[in-house]
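Structure record follows, encoded as structure tokens.
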Amino acid sequence: MYRLYLKQVVDVILSLSGLLLLLPLIIILAILLSIQNRGSAFFLQSRPGKNEKIFKVIKFKTMNDRRDSAGNRLPDAQRLTPIGSFIRNPS
């Protein structure tokens, strides 16, 4: 009975509660990342899902788009922002 009727309701309530608790942190990180990246704080990434169906994931943009004089992107270590470094490894 739980699986048929209550599981989805409990899942939605717990998910929304978690989102509301983390929303201030998400907003602060988005503002800081948008300042450091001089633009967007998020980007979309395509991923394969069930049965290889492609879906898009919204992720924090932890690296900037800096390029060298030839137009090639700099190595990851040089493009990682300080906030991005914290997000990737907070310990």
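Note on naming: chains are A, B, ... as they come in the structure tokens, residues start from 1 per chain, ligands start from 1 in the order shown.
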
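Within chain A, DSSP applied to the backbone places the following residues in strand (DSSP E or B): Phe42, Phe43, Leu44, Gln45, Ser46, Arg47, Pro48, Ile54, Phe55, Lys56, Val57, Ile58, Lys59, Phe60, Met63, Arg67, Arg73 and Leu80 of chain A.
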
Next item on the list: Just give me the gap between atom CA of Thr62 of chain A and atom CA of Asn37 of chain A in Å, one decimal is fine.
Entry: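 Going from atom CA of Thr62 of chain A over to atom CA of Asn37 of chain A, I get 8.3 Å.
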
Next item on the list: Could you pull out the residues in segment 19-88 of chain A that DSSP calls alpha helix (DSSP H) from the backbone, as a ChimeraX atom specification?
Entry: /A:19-37,76-79,82-88

Checklist line | Two-atom distance - atom CA of Ser17 of chain A, atom CA of Ala30 of chain A (Å) | finding: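 If I compute the distance from atom CA of Ser17 of chain A to atom CA of Ala30 of chain A, I get 19.8 Å.
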
Notebook entry, point to check: Got a sec: who's within 12 Å of segment 41-53 of chain A, counting only C-alpha atoms, leaving out chain neighbours fewer than 2 positions off, as a PyMOL selection string?
Noted result: chain A and resi 26-39+55-65+81+83-84

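Here atom CA of Arg88 of chain A is placed at a distance of 18.6 Å from atom CA of Pro24 of chain A.
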